[in-house]
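Shown below: model37.cif, with mmCIF, C-alpha atoms, pLDDT in the B column; chains and numbers go by the auth columns.
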data_run
#
loop_
_atom_site.group_PDB
_atom_site.id
_atom_site.type_symbol
_atom_site.label_atom_id
_atom_site.label_comp_id
_atom_site.label_asym_id
_atom_site.label_seq_id
_atom_site.Cartn_x
_atom_site.Cartn_y
_atom_site.Cartn_z
_atom_site.B_iso_or_equiv
_atom_site.auth_seq_id
_atom_site.auth_asym_id
ATOM 1 C CA THR A 1 35.337 15.950 -16.694 92.00 105 A
ATOM 2 C CA GLY A 2 34.431 15.550 -20.358 94.00 106 A
ATOM 3 C CA GLU A 3 37.688 17.109 -21.528 95.00 107 A
ATOM 4 C CA VAL A 4 39.482 15.566 -24.505 93.00 108 A
ATOM 5 C CA VAL A 5 42.575 13.687 -23.285 91.00 109 A
ATOM 6 C CA TRP A 6 44.174 13.203 -26.714 91.00 110 A
ATOM 7 C CA SER A 7 43.323 13.144 -30.389 91.00 111 A
ATOM 8 C CA LEU A 8 44.480 10.502 -32.870 90.00 112 A
ATOM 9 C CA GLY A 9 44.868 11.072 -36.602 90.00 113 A
ATOM 10 C CA GLU A 10 46.063 13.678 -39.059 90.00 114 A
ATOM 11 C CA GLY A 11 46.619 16.893 -37.085 91.00 115 A
ATOM 12 C CA GLY A 12 46.170 15.069 -33.767 93.00 116 A
ATOM 13 C CA ASP A 13 48.421 14.673 -30.744 95.00 117 A
ATOM 14 C CA PHE A 14 50.326 11.554 -31.856 96.00 118 A
ATOM 15 C CA GLU A 15 53.240 11.194 -34.249 96.00 119 A
ATOM 16 C CA LEU A 16 52.675 8.313 -36.690 96.00 120 A
ATOM 17 C CA LEU A 17 55.816 6.140 -36.844 96.00 121 A
ATOM 18 C CA GLY A 18 54.529 3.622 -39.370 94.00 122 A
ATOM 19 C CA GLY A 19 51.456 2.912 -41.467 94.00 123 A
ATOM 20 C CA SER A 20 48.804 5.401 -42.493 91.00 124 A
ATOM 21 C CA TRP A 21 46.244 7.446 -40.612 92.00 125 A
ATOM 22 C CA PRO A 22 42.585 6.466 -40.925 91.00 126 A
ATOM 23 C CA ILE A 23 40.079 8.438 -42.991 87.00 127 A
ATOM 24 C CA HIS A 24 36.409 8.505 -41.882 83.00 128 A
ATOM 25 C CA GLN A 25 37.047 6.160 -38.959 85.00 129 A
ATOM 26 C CA HIS A 26 34.561 4.969 -36.360 84.00 130 A
ATOM 27 C CA SER A 27 33.678 2.018 -34.124 85.00 131 A
ATOM 28 C CA GLN A 28 36.879 2.446 -32.127 90.00 132 A
ATOM 29 C CA VAL A 29 37.686 -0.298 -29.639 92.00 133 A
ATOM 30 C CA LEU A 30 40.308 0.476 -27.000 92.00 134 A
ATOM 31 C CA LEU A 31 42.407 -2.651 -26.442 93.00 135 A
ATOM 32 C CA ASP A 32 45.106 -3.433 -23.890 90.00 136 A
ATOM 33 C CA ASP A 33 47.650 -3.173 -26.693 82.00 137 A
ATOM 34 C CA GLY A 34 46.210 -0.342 -28.784 91.00 138 A
ATOM 35 C CA LEU A 35 43.215 0.971 -30.651 95.00 139 A
ATOM 36 C CA LEU A 36 41.184 -0.984 -33.225 96.00 140 A
ATOM 37 C CA MET A 37 38.798 0.795 -35.596 94.00 141 A
ATOM 38 C CA HIS A 38 36.810 0.605 -38.804 92.00 142 A
ATOM 39 C CA ASP A 39 38.193 2.961 -41.434 91.00 143 A
ATOM 40 C CA ASN A 40 35.875 3.656 -44.358 86.00 144 A
ATOM 41 C CA GLY A 41 38.664 5.428 -46.215 81.00 145 A
ATOM 42 C CA ASP A 42 37.767 7.599 -49.177 77.00 146 A
ATOM 43 C CA SER A 43 37.425 7.288 -52.926 70.00 147 A
ATOM 44 C CA ALA A 44 41.057 8.405 -53.434 75.00 148 A
ATOM 45 C CA ARG A 45 42.435 5.504 -51.353 72.00 149 A
ATOM 46 C CA GLY A 46 39.754 3.255 -52.779 73.00 150 A
ATOM 47 C CA ALA A 47 39.511 0.739 -49.938 83.00 151 A
ATOM 48 C CA SER A 48 37.902 0.435 -46.549 88.00 152 A
ATOM 49 C CA ARG A 49 39.703 -1.474 -43.823 92.00 153 A
ATOM 50 C CA ALA A 50 39.887 -2.566 -40.235 94.00 154 A
ATOM 51 C CA VAL A 51 43.043 -1.155 -38.673 96.00 155 A
ATOM 52 C CA GLN A 52 44.850 -1.352 -35.335 96.00 156 A
ATOM 53 C CA TYR A 53 47.410 1.053 -33.900 97.00 157 A
ATOM 54 C CA GLN A 54 49.790 0.511 -31.003 97.00 158 A
ATOM 55 C CA LEU A 55 49.838 3.685 -28.919 95.00 159 A
ATOM 56 C CA ASP A 56 52.525 5.030 -26.605 94.00 160 A
ATOM 57 C CA GLU A 57 50.796 7.703 -24.541 92.00 161 A
ATOM 58 C CA GLN A 58 54.062 8.711 -22.844 94.00 162 A
ATOM 59 C CA ALA A 59 55.962 9.381 -26.078 97.00 163 A
ATOM 60 C CA MET A 60 52.736 10.298 -27.942 96.00 164 A
ATOM 61 C CA THR A 61 53.560 7.976 -30.823 97.00 165 A
ATOM 62 C CA ALA A 62 51.404 5.588 -32.829 96.00 166 A
ATOM 63 C CA ILE A 63 52.310 2.765 -35.171 97.00 167 A
ATOM 64 C CA GLN A 64 49.962 0.782 -37.351 97.00 168 A
ATOM 65 C CA VAL A 65 50.359 -2.874 -36.345 96.00 169 A
ATOM 66 C CA TRP A 66 47.482 -4.593 -38.169 96.00 170 A
ATOM 67 C CA GLU A 67 45.189 -4.022 -41.118 94.00 171 A
ATOM 68 C CA TYR A 68 42.582 -6.040 -43.005 94.00 172 A
ATOM 69 C CA SER A 69 40.770 -5.241 -46.238 90.00 173 A
ATOM 70 C CA THR A 70 38.599 -7.417 -48.424 83.00 174 A
ATOM 71 C CA ASP A 71 40.140 -9.191 -51.405 77.00 175 A
ATOM 72 C CA PRO A 72 39.767 -7.557 -53.831 71.00 176 A
ATOM 73 C CA PRO A 73 39.767 -4.290 -51.853 70.00 177 A
ATOM 74 C CA GLY A 74 36.321 -2.760 -51.494 71.00 178 A
ATOM 75 C CA PHE A 75 35.125 0.710 -50.602 69.00 179 A
ATOM 76 C CA SER A 76 32.261 1.258 -48.182 71.00 180 A
ATOM 77 C CA ALA A 77 31.504 4.971 -48.069 69.00 181 A
ATOM 78 C CA VAL A 78 29.431 4.756 -44.888 71.00 182 A
ATOM 79 C CA LEU A 79 28.840 2.553 -41.867 76.00 183 A
ATOM 80 C CA GLY A 80 30.742 -0.557 -40.829 82.00 184 A
ATOM 81 C CA ASP A 81 31.856 -2.065 -37.564 88.00 185 A
ATOM 82 C CA VAL A 82 34.808 -3.932 -36.104 92.00 186 A
ATOM 83 C CA ASP A 83 35.104 -5.995 -32.931 93.00 187 A
ATOM 84 C CA ARG A 84 37.873 -8.101 -31.416 94.00 188 A
ATOM 85 C CA LEU A 85 36.469 -11.475 -30.416 94.00 189 A
ATOM 86 C CA PRO A 86 37.458 -13.561 -27.367 93.00 190 A
ATOM 87 C CA ASP A 87 39.684 -15.838 -29.484 94.00 191 A
ATOM 88 C CA ASP A 88 41.610 -12.757 -30.779 94.00 192 A
ATOM 89 C CA SER A 89 40.030 -12.994 -34.220 96.00 193 A
ATOM 90 C CA THR A 90 38.330 -9.860 -35.562 96.00 194 A
ATOM 91 C CA ALA A 91 34.778 -9.474 -36.855 94.00 195 A
ATOM 92 C CA ILE A 92 34.346 -6.810 -39.521 92.00 196 A
ATOM 93 C CA THR A 93 31.016 -5.641 -40.898 86.00 197 A
ATOM 94 C CA TRP A 94 31.200 -4.075 -44.368 81.00 198 A
ATOM 95 C CA CYS A 95 27.693 -2.643 -44.220 71.00 199 A
ATOM 96 C CA VAL A 96 27.260 -1.189 -47.686 65.00 200 A
ATOM 97 C CA SER A 97 28.483 -4.341 -49.438 69.00 201 A
ATOM 98 C CA GLY A 98 26.382 -6.616 -47.219 73.00 202 A
ATOM 99 C CA GLN A 99 29.326 -8.673 -45.997 82.00 203 A
ATOM 100 C CA ILE A 100 30.684 -9.760 -42.621 87.00 204 A
ATOM 101 C CA ASP A 101 34.168 -11.252 -42.271 91.00 205 A
ATOM 102 C CA VAL A 102 35.826 -12.915 -39.310 95.00 206 A
ATOM 103 C CA VAL A 103 39.608 -12.973 -39.701 96.00 207 A
ATOM 104 C CA SER A 104 42.474 -14.406 -37.687 96.00 208 A
ATOM 105 C CA PRO A 105 45.175 -12.199 -36.105 93.00 209 A
ATOM 106 C CA GLU A 106 47.313 -13.129 -39.132 93.00 210 A
ATOM 107 C CA GLY A 107 44.629 -11.789 -41.499 92.00 211 A
ATOM 108 C CA GLU A 108 43.362 -15.177 -42.681 94.00 212 A
ATOM 109 C CA LEU A 109 39.637 -15.310 -43.489 94.00 213 A
ATOM 110 C CA ILE A 110 37.964 -17.712 -41.026 95.00 214 A
ATOM 111 C CA TRP A 111 34.279 -17.117 -41.716 92.00 215 A
ATOM 112 C CA GLN A 112 32.205 -14.988 -44.066 89.00 216 A
ATOM 113 C CA LEU A 113 28.575 -14.037 -44.503 84.00 217 A
ATOM 114 C CA THR A 114 27.485 -12.289 -47.678 81.00 218 A
ATOM 115 C CA GLY A 115 24.142 -10.927 -48.743 71.00 219 A
ATOM 116 C CA SER A 116 22.846 -9.465 -51.936 59.00 220 A
ATOM 117 C CA LEU A 117 24.050 -6.005 -52.937 50.00 221 A
ATOM 118 C CA ARG A 118 20.781 -4.629 -51.572 48.00 222 A
ATOM 119 C CA THR A 119 21.394 -6.156 -48.136 47.00 223 A
ATOM 120 C CA ARG A 120 22.404 -3.618 -45.513 49.00 224 A
ATOM 121 C CA PHE A 121 23.627 -4.974 -42.231 50.00 225 A
ATOM 122 C CA GLY A 122 23.173 -2.576 -39.355 48.00 226 A
ATOM 123 C CA TYR A 123 25.793 -0.116 -38.183 42.00 227 A
ATOM 124 C CA GLY A 124 27.191 -2.799 -35.949 44.00 228 A
ATOM 125 C CA LEU A 125 26.571 -6.461 -35.449 45.00 229 A
ATOM 126 C CA TRP A 126 26.566 -8.412 -32.219 43.00 230 A
ATOM 127 C CA LEU A 127 28.241 -11.751 -32.791 43.00 231 A
ATOM 128 C CA ASP A 128 27.641 -13.131 -29.306 40.00 232 A
ATOM 129 C CA SER A 129 25.491 -15.892 -30.767 41.00 233 A
ATOM 130 C CA LEU A 130 28.407 -17.041 -32.935 44.00 234 A
ATOM 131 C CA TYR A 131 31.075 -16.702 -30.254 41.00 235 A
ATOM 132 C CA PRO A 132 29.417 -17.409 -26.878 39.00 236 A
#
Structure encoded using structure tokens:
Amino acid sequence: TGEVVWSLGEGGDFELLGGSWPIHQHSQVLLDDGLLMHDNGDSARGASRAVQYQLDEQAMTAIQVWEYSTDPPGFSAVLGDVDRLPDDSTAITWCVSGQIDVVSPEGELIWQLTGSLRTRFGYGLWLDSLYP
């Protein structure tokens, strides 16, 4: 019908039981076990991240169960993308910094592509050629 079913985040329909709400989030991916998204953050928090929440739609509760930021933490004011890959690793595009990371479920860096500071990867990146 086009009606909003629920809203997630500060002032939304869910109570946050652990972790922190996203700021300037996008690229949401609905998973069997929750919601994965790219969170640009803001200058006050000082770091962008990929973050996953486990949602209980009956109790209307959310808990942050996974997070990944670059090391050292970086801030990307705009753009970015996140995708869960078939092997359960996560691809994260940090568009403004010109970097793409693939990390394990445990948060270990598996693969990285970096460009010059002037490189701008697109809003999202299809990694099908890397993970057929």
Would you work out the distance separating atom CA of Trp198 of chain A from atom CA of Leu183 of chain A, expressed in Å to one decimal? 7.5 Å
Evaluated on this file, the PyMOL selection byres ((chain A and resi 124) around 12) picks out some residues - which ones are they, written as a list of chain:residue names?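 Going through the file, the PyMOL selection byres ((chain A and resi 124) around 12) ends up selecting A:Leu112, A:Gly113, A:Glu114, A:Glu119, A:Leu120, A:Leu121, A:Gly122, A:Gly123, A:Trp125, A:Pro126, A:Ile127, A:Asp143, A:Gly145, A:Arg149, A:Arg153, A:Val155, A:Gln156, A:Tyr157, A:Ala166, A:Ile167, A:Gln168, A:Val169, A:Trp170, A:Glu171.
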Grab the residues selected above and save them as a compact mmCIF listing (two decimals), keeping the file's coordinate frame with C-alpha atoms.
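Generated file (part_20.txt):
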# COMPACT_ATOMS: atom_id res chain seq x y z
CA LEU A 112 44.48 10.50 -32.87
CA GLY A 113 44.87 11.07 -36.60
CA GLU A 114 46.06 13.68 -39.06
CA GLU A 119 53.24 11.19 -34.25
CA LEU A 120 52.68 8.31 -36.69
CA LEU A 121 55.82 6.14 -36.84
CA GLY A 122 54.53 3.62 -39.37
CA GLY A 123 51.46 2.91 -41.47
CA TRP A 125 46.24 7.45 -40.61
CA PRO A 126 42.58 6.47 -40.92
CA ILE A 127 40.08 8.44 -42.99
CA ASP A 143 38.19 2.96 -41.43
CA GLY A 145 38.66 5.43 -46.22
CA ARG A 149 42.44 5.50 -51.35
CA ARG A 153 39.70 -1.47 -43.82
CA VAL A 155 43.04 -1.16 -38.67
CA GLN A 156 44.85 -1.35 -35.34
CA TYR A 157 47.41 1.05 -33.90
CA ALA A 166 51.40 5.59 -32.83
CA ILE A 167 52.31 2.76 -35.17
CA GLN A 168 49.96 0.78 -37.35
CA VAL A 169 50.36 -2.87 -36.34
CA TRP A 170 47.48 -4.59 -38.17
CA GLU A 171 45.19 -4.02 -41.12
Identify which of the residues A:Asp146, A:Asp187, A:Gln203, A:Leu159 lies closest to Thr174 of chain A, counting all atoms listed in the file when measuring atom-to-atom distances.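 The answer is A:Gln203, which sits nearest to Thr174 of chain A.
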Could you spell out the hits of the PyMOL selection byres ((chain A and resi 211) around 9) on the shown file, as a ChimeraX atom specification? /A:170-173,193-194,207-210,212-214
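Nearest to Leu189 of chain A of all the residues A:Gly115, A:Gly106, A:Pro177, A:Val133 is A:Val133, counting only C-alpha atoms.
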Point-to-point distance in Å for atom CA of Glu161 of chain A and atom CA of Asp191 of chain A: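 Atom CA of Asp191 of chain A sits 26.5 Å away from atom CA of Glu161 of chain A.
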Distance criterion (all atoms listed in the file): nearest to Gln158 of chain A out of A:Asp136, A:Thr218, A:Gln129, A:Thr197: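 Using all atoms listed in the file, the shortest distance to Gln158 of chain A belongs to A:Asp136.
The closest residue to Ser180 of chain A, picked from A:Ala148, A:Cys199, A:Met164, A:Val109 and counting all atoms listed in the file, is A:Cys199.
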Between atom CA of Val206 of chain A and atom CA of Asp175 of chain A, measure the distance and give it in Å to one decimal.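 Interatomic distance here is 13.4 Å.
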Taking into account all atoms listed in the file, which residue in the set A:Asp160, A:Val186, A:Glu107, A:Ser152 is nearest to Gly138 of chain A?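 So, comparing all the options, the nearest one is A:Asp160.
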Can you save segment 167-181 of chain A of the given block to a file, including all heavy atoms and formatted as a PDB file, in the first residue's frame?
ATOM      1  N   ILE A 167      18.983  -4.238  18.663  1.00  0.00           N
ATOM      2  CA  ILE A 167      20.270  -4.286  19.340  1.00  0.00           C
ATOM      3  C   ILE A 167      21.355  -4.306  18.273  1.00  0.00           C
ATOM      4  O   ILE A 167      21.239  -5.022  17.274  1.00  0.00           O
ATOM      5  CB  ILE A 167      20.387  -5.500  20.298  1.00  0.00           C
ATOM      6  CG1 ILE A 167      21.682  -5.417  21.089  1.00  0.00           C
ATOM      7  CG2 ILE A 167      20.252  -6.802  19.560  1.00  0.00           C
ATOM      8  CD1 ILE A 167      21.738  -6.358  22.270  1.00  0.00           C
ATOM      9  N   GLN A 168      22.352  -3.484  18.469  1.00  0.00           N
ATOM     10  CA  GLN A 168      23.475  -3.458  17.540  1.00  0.00           C
ATOM     11  C   GLN A 168      24.298  -4.714  17.770  1.00  0.00           C
ATOM     12  O   GLN A 168      24.742  -4.978  18.884  1.00  0.00           O
ATOM     13  CB  GLN A 168      24.308  -2.210  17.781  1.00  0.00           C
ATOM     14  CG  GLN A 168      25.492  -2.094  16.844  1.00  0.00           C
ATOM     15  CD  GLN A 168      26.326  -0.875  17.156  1.00  0.00           C
ATOM     16  OE1 GLN A 168      25.806   0.201  17.395  1.00  0.00           O
ATOM     17  NE2 GLN A 168      27.643  -1.055  17.154  1.00  0.00           N
ATOM     18  N   VAL A 169      24.511  -5.502  16.701  1.00  0.00           N
ATOM     19  CA  VAL A 169      25.229  -6.771  16.846  1.00  0.00           C
ATOM     20  C   VAL A 169      26.564  -6.794  16.107  1.00  0.00           C
ATOM     21  O   VAL A 169      27.364  -7.710  16.299  1.00  0.00           O
ATOM     22  CB  VAL A 169      24.355  -7.962  16.388  1.00  0.00           C
ATOM     23  CG1 VAL A 169      23.163  -8.133  17.315  1.00  0.00           C
ATOM     24  CG2 VAL A 169      23.913  -7.806  14.943  1.00  0.00           C
ATOM     25  N   TRP A 170      26.812  -5.783  15.262  1.00  0.00           N
ATOM     26  CA  TRP A 170      28.060  -5.777  14.490  1.00  0.00           C
ATOM     27  C   TRP A 170      28.343  -4.364  14.023  1.00  0.00           C
ATOM     28  O   TRP A 170      27.418  -3.599  13.727  1.00  0.00           O
ATOM     29  CB  TRP A 170      27.920  -6.723  13.304  1.00  0.00           C
ATOM     30  CG  TRP A 170      29.177  -6.924  12.505  1.00  0.00           C
ATOM     31  CD1 TRP A 170      30.178  -7.797  12.775  1.00  0.00           C
ATOM     32  CD2 TRP A 170      29.542  -6.247  11.301  1.00  0.00           C
ATOM     33  NE1 TRP A 170      31.152  -7.702  11.815  1.00  0.00           N
ATOM     34  CE2 TRP A 170      30.780  -6.761  10.893  1.00  0.00           C
ATOM     35  CE3 TRP A 170      28.945  -5.262  10.527  1.00  0.00           C
ATOM     36  CZ2 TRP A 170      31.442  -6.324   9.757  1.00  0.00           C
ATOM     37  CZ3 TRP A 170      29.599  -4.821   9.389  1.00  0.00           C
ATOM     38  CH2 TRP A 170      30.831  -5.350   9.004  1.00  0.00           C
ATOM     39  N   GLU A 171      29.626  -4.034  13.969  1.00  0.00           N
ATOM     40  CA  GLU A 171      30.046  -2.717  13.501  1.00  0.00           C
ATOM     41  C   GLU A 171      31.459  -2.826  12.943  1.00  0.00           C
ATOM     42  O   GLU A 171      32.272  -3.591  13.450  1.00  0.00           O
ATOM     43  CB  GLU A 171      30.037  -1.729  14.668  1.00  0.00           C
ATOM     44  CG  GLU A 171      30.603  -0.374  14.352  1.00  0.00           C
ATOM     45  CD  GLU A 171      30.580   0.562  15.551  1.00  0.00           C
ATOM     46  OE1 GLU A 171      29.708   0.416  16.429  1.00  0.00           O
ATOM     47  OE2 GLU A 171      31.449   1.431  15.608  1.00  0.00           O
ATOM     48  N   TYR A 172      31.733  -2.057  11.891  1.00  0.00           N
ATOM     49  CA  TYR A 172      33.096  -1.994  11.355  1.00  0.00           C
ATOM     50  C   TYR A 172      33.396  -0.567  10.939  1.00  0.00           C
ATOM     51  O   TYR A 172      32.598   0.072  10.248  1.00  0.00           O
ATOM     52  CB  TYR A 172      33.273  -2.937  10.163  1.00  0.00           C
ATOM     53  CG  TYR A 172      34.691  -2.907   9.638  1.00  0.00           C
ATOM     54  CD1 TYR A 172      35.686  -3.662  10.251  1.00  0.00           C
ATOM     55  CD2 TYR A 172      35.035  -2.098   8.563  1.00  0.00           C
ATOM     56  CE1 TYR A 172      36.994  -3.622   9.795  1.00  0.00           C
ATOM     57  CE2 TYR A 172      36.341  -2.054   8.103  1.00  0.00           C
ATOM     58  CZ  TYR A 172      37.318  -2.815   8.716  1.00  0.00           C
ATOM     59  OH  TYR A 172      38.612  -2.772   8.281  1.00  0.00           O
ATOM     60  N   SER A 173      34.541  -0.073  11.370  1.00  0.00           N
ATOM     61  CA  SER A 173      35.071   1.217  10.951  1.00  0.00           C
ATOM     62  C   SER A 173      36.504   1.014  10.490  1.00  0.00           C
ATOM     63  O   SER A 173      37.149   0.034  10.878  1.00  0.00           O
ATOM     64  CB  SER A 173      35.066   2.223  12.110  1.00  0.00           C
ATOM     65  OG  SER A 173      33.767   2.503  12.530  1.00  0.00           O
ATOM     66  N   THR A 174      37.003   1.940   9.708  1.00  0.00           N
ATOM     67  CA  THR A 174      38.392   1.849   9.278  1.00  0.00           C
ATOM     68  C   THR A 174      39.323   2.067  10.470  1.00  0.00           C
ATOM     69  O   THR A 174      38.915   2.597  11.500  1.00  0.00           O
ATOM     70  CB  THR A 174      38.693   2.900   8.188  1.00  0.00           C
ATOM     71  OG1 THR A 174      38.397   4.196   8.705  1.00  0.00           O
ATOM     72  CG2 THR A 174      37.887   2.638   6.931  1.00  0.00           C
ATOM     73  N   ASP A 175      40.568   1.656  10.321  1.00  0.00           N
ATOM     74  CA  ASP A 175      41.561   1.852  11.367  1.00  0.00           C
ATOM     75  C   ASP A 175      42.742   2.607  10.773  1.00  0.00           C
ATOM     76  O   ASP A 175      43.434   2.065   9.918  1.00  0.00           O
ATOM     77  CB  ASP A 175      42.012   0.493  11.913  1.00  0.00           C
ATOM     78  CG  ASP A 175      42.972   0.631  13.078  1.00  0.00           C
ATOM     79  OD1 ASP A 175      43.005   1.704  13.707  1.00  0.00           O
ATOM     80  OD2 ASP A 175      43.713  -0.339  13.342  1.00  0.00           O
ATOM     81  N   PRO A 176      42.952   3.853  11.168  1.00  0.00           N
ATOM     82  CA  PRO A 176      42.212   4.614  12.172  1.00  0.00           C
ATOM     83  C   PRO A 176      40.831   4.993  11.646  1.00  0.00           C
ATOM     84  O   PRO A 176      40.608   5.009  10.426  1.00  0.00           O
ATOM     85  CB  PRO A 176      43.084   5.855  12.406  1.00  0.00           C
ATOM     86  CG  PRO A 176      43.791   6.045  11.110  1.00  0.00           C
ATOM     87  CD  PRO A 176      44.028   4.660  10.560  1.00  0.00           C
ATOM     88  N   PRO A 177      39.903   5.314  12.551  1.00  0.00           N
ATOM     89  CA  PRO A 177      38.547   5.684  12.135  1.00  0.00           C
ATOM     90  C   PRO A 177      38.558   6.864  11.164  1.00  0.00           C
ATOM     91  O   PRO A 177      39.320   7.808  11.345  1.00  0.00           O
ATOM     92  CB  PRO A 177      37.851   6.057  13.444  1.00  0.00           C
ATOM     93  CG  PRO A 177      38.622   5.315  14.487  1.00  0.00           C
ATOM     94  CD  PRO A 177      40.040   5.314  14.006  1.00  0.00           C
ATOM     95  N   GLY A 178      37.740   6.766  10.140  1.00  0.00           N
ATOM     96  CA  GLY A 178      37.645   7.826   9.143  1.00  0.00           C
ATOM     97  C   GLY A 178      36.215   8.332   9.038  1.00  0.00           C
ATOM     98  O   GLY A 178      35.269   7.630   9.383  1.00  0.00           O
ATOM     99  N   PHE A 179      36.082   9.538   8.565  1.00  0.00           N
ATOM    100  CA  PHE A 179      34.759  10.151   8.417  1.00  0.00           C
ATOM    101  C   PHE A 179      34.501  10.444   6.948  1.00  0.00           C
ATOM    102  O   PHE A 179      35.286  11.113   6.292  1.00  0.00           O
ATOM    103  CB  PHE A 179      34.680  11.437   9.241  1.00  0.00           C
ATOM    104  CG  PHE A 179      33.402  12.197   9.051  1.00  0.00           C
ATOM    105  CD1 PHE A 179      32.183  11.623   9.369  1.00  0.00           C
ATOM    106  CD2 PHE A 179      33.423  13.485   8.562  1.00  0.00           C
ATOM    107  CE1 PHE A 179      31.002  12.318   9.194  1.00  0.00           C
ATOM    108  CE2 PHE A 179      32.249  14.190   8.383  1.00  0.00           C
ATOM    109  CZ  PHE A 179      31.040  13.612   8.705  1.00  0.00           C
ATOM    110  N   SER A 180      33.423   9.906   6.442  1.00  0.00           N
ATOM    111  CA  SER A 180      32.993  10.130   5.065  1.00  0.00           C
ATOM    112  C   SER A 180      31.651  10.843   5.126  1.00  0.00           C
ATOM    113  O   SER A 180      30.636  10.237   5.453  1.00  0.00           O
ATOM    114  CB  SER A 180      32.865   8.785   4.343  1.00  0.00           C
ATOM    115  OG  SER A 180      32.449   8.966   3.018  1.00  0.00           O
ATOM    116  N   ALA A 181      31.640  12.120   4.861  1.00  0.00           N
ATOM    117  CA  ALA A 181      30.442  12.935   5.056  1.00  0.00           C
ATOM    118  C   ALA A 181      29.296  12.552   4.125  1.00  0.00           C
ATOM    119  O   ALA A 181      28.134  12.772   4.449  1.00  0.00           O
ATOM    120  CB  ALA A 181      30.779  14.408   4.875  1.00  0.00           C
TER     121      ALA A 181
END
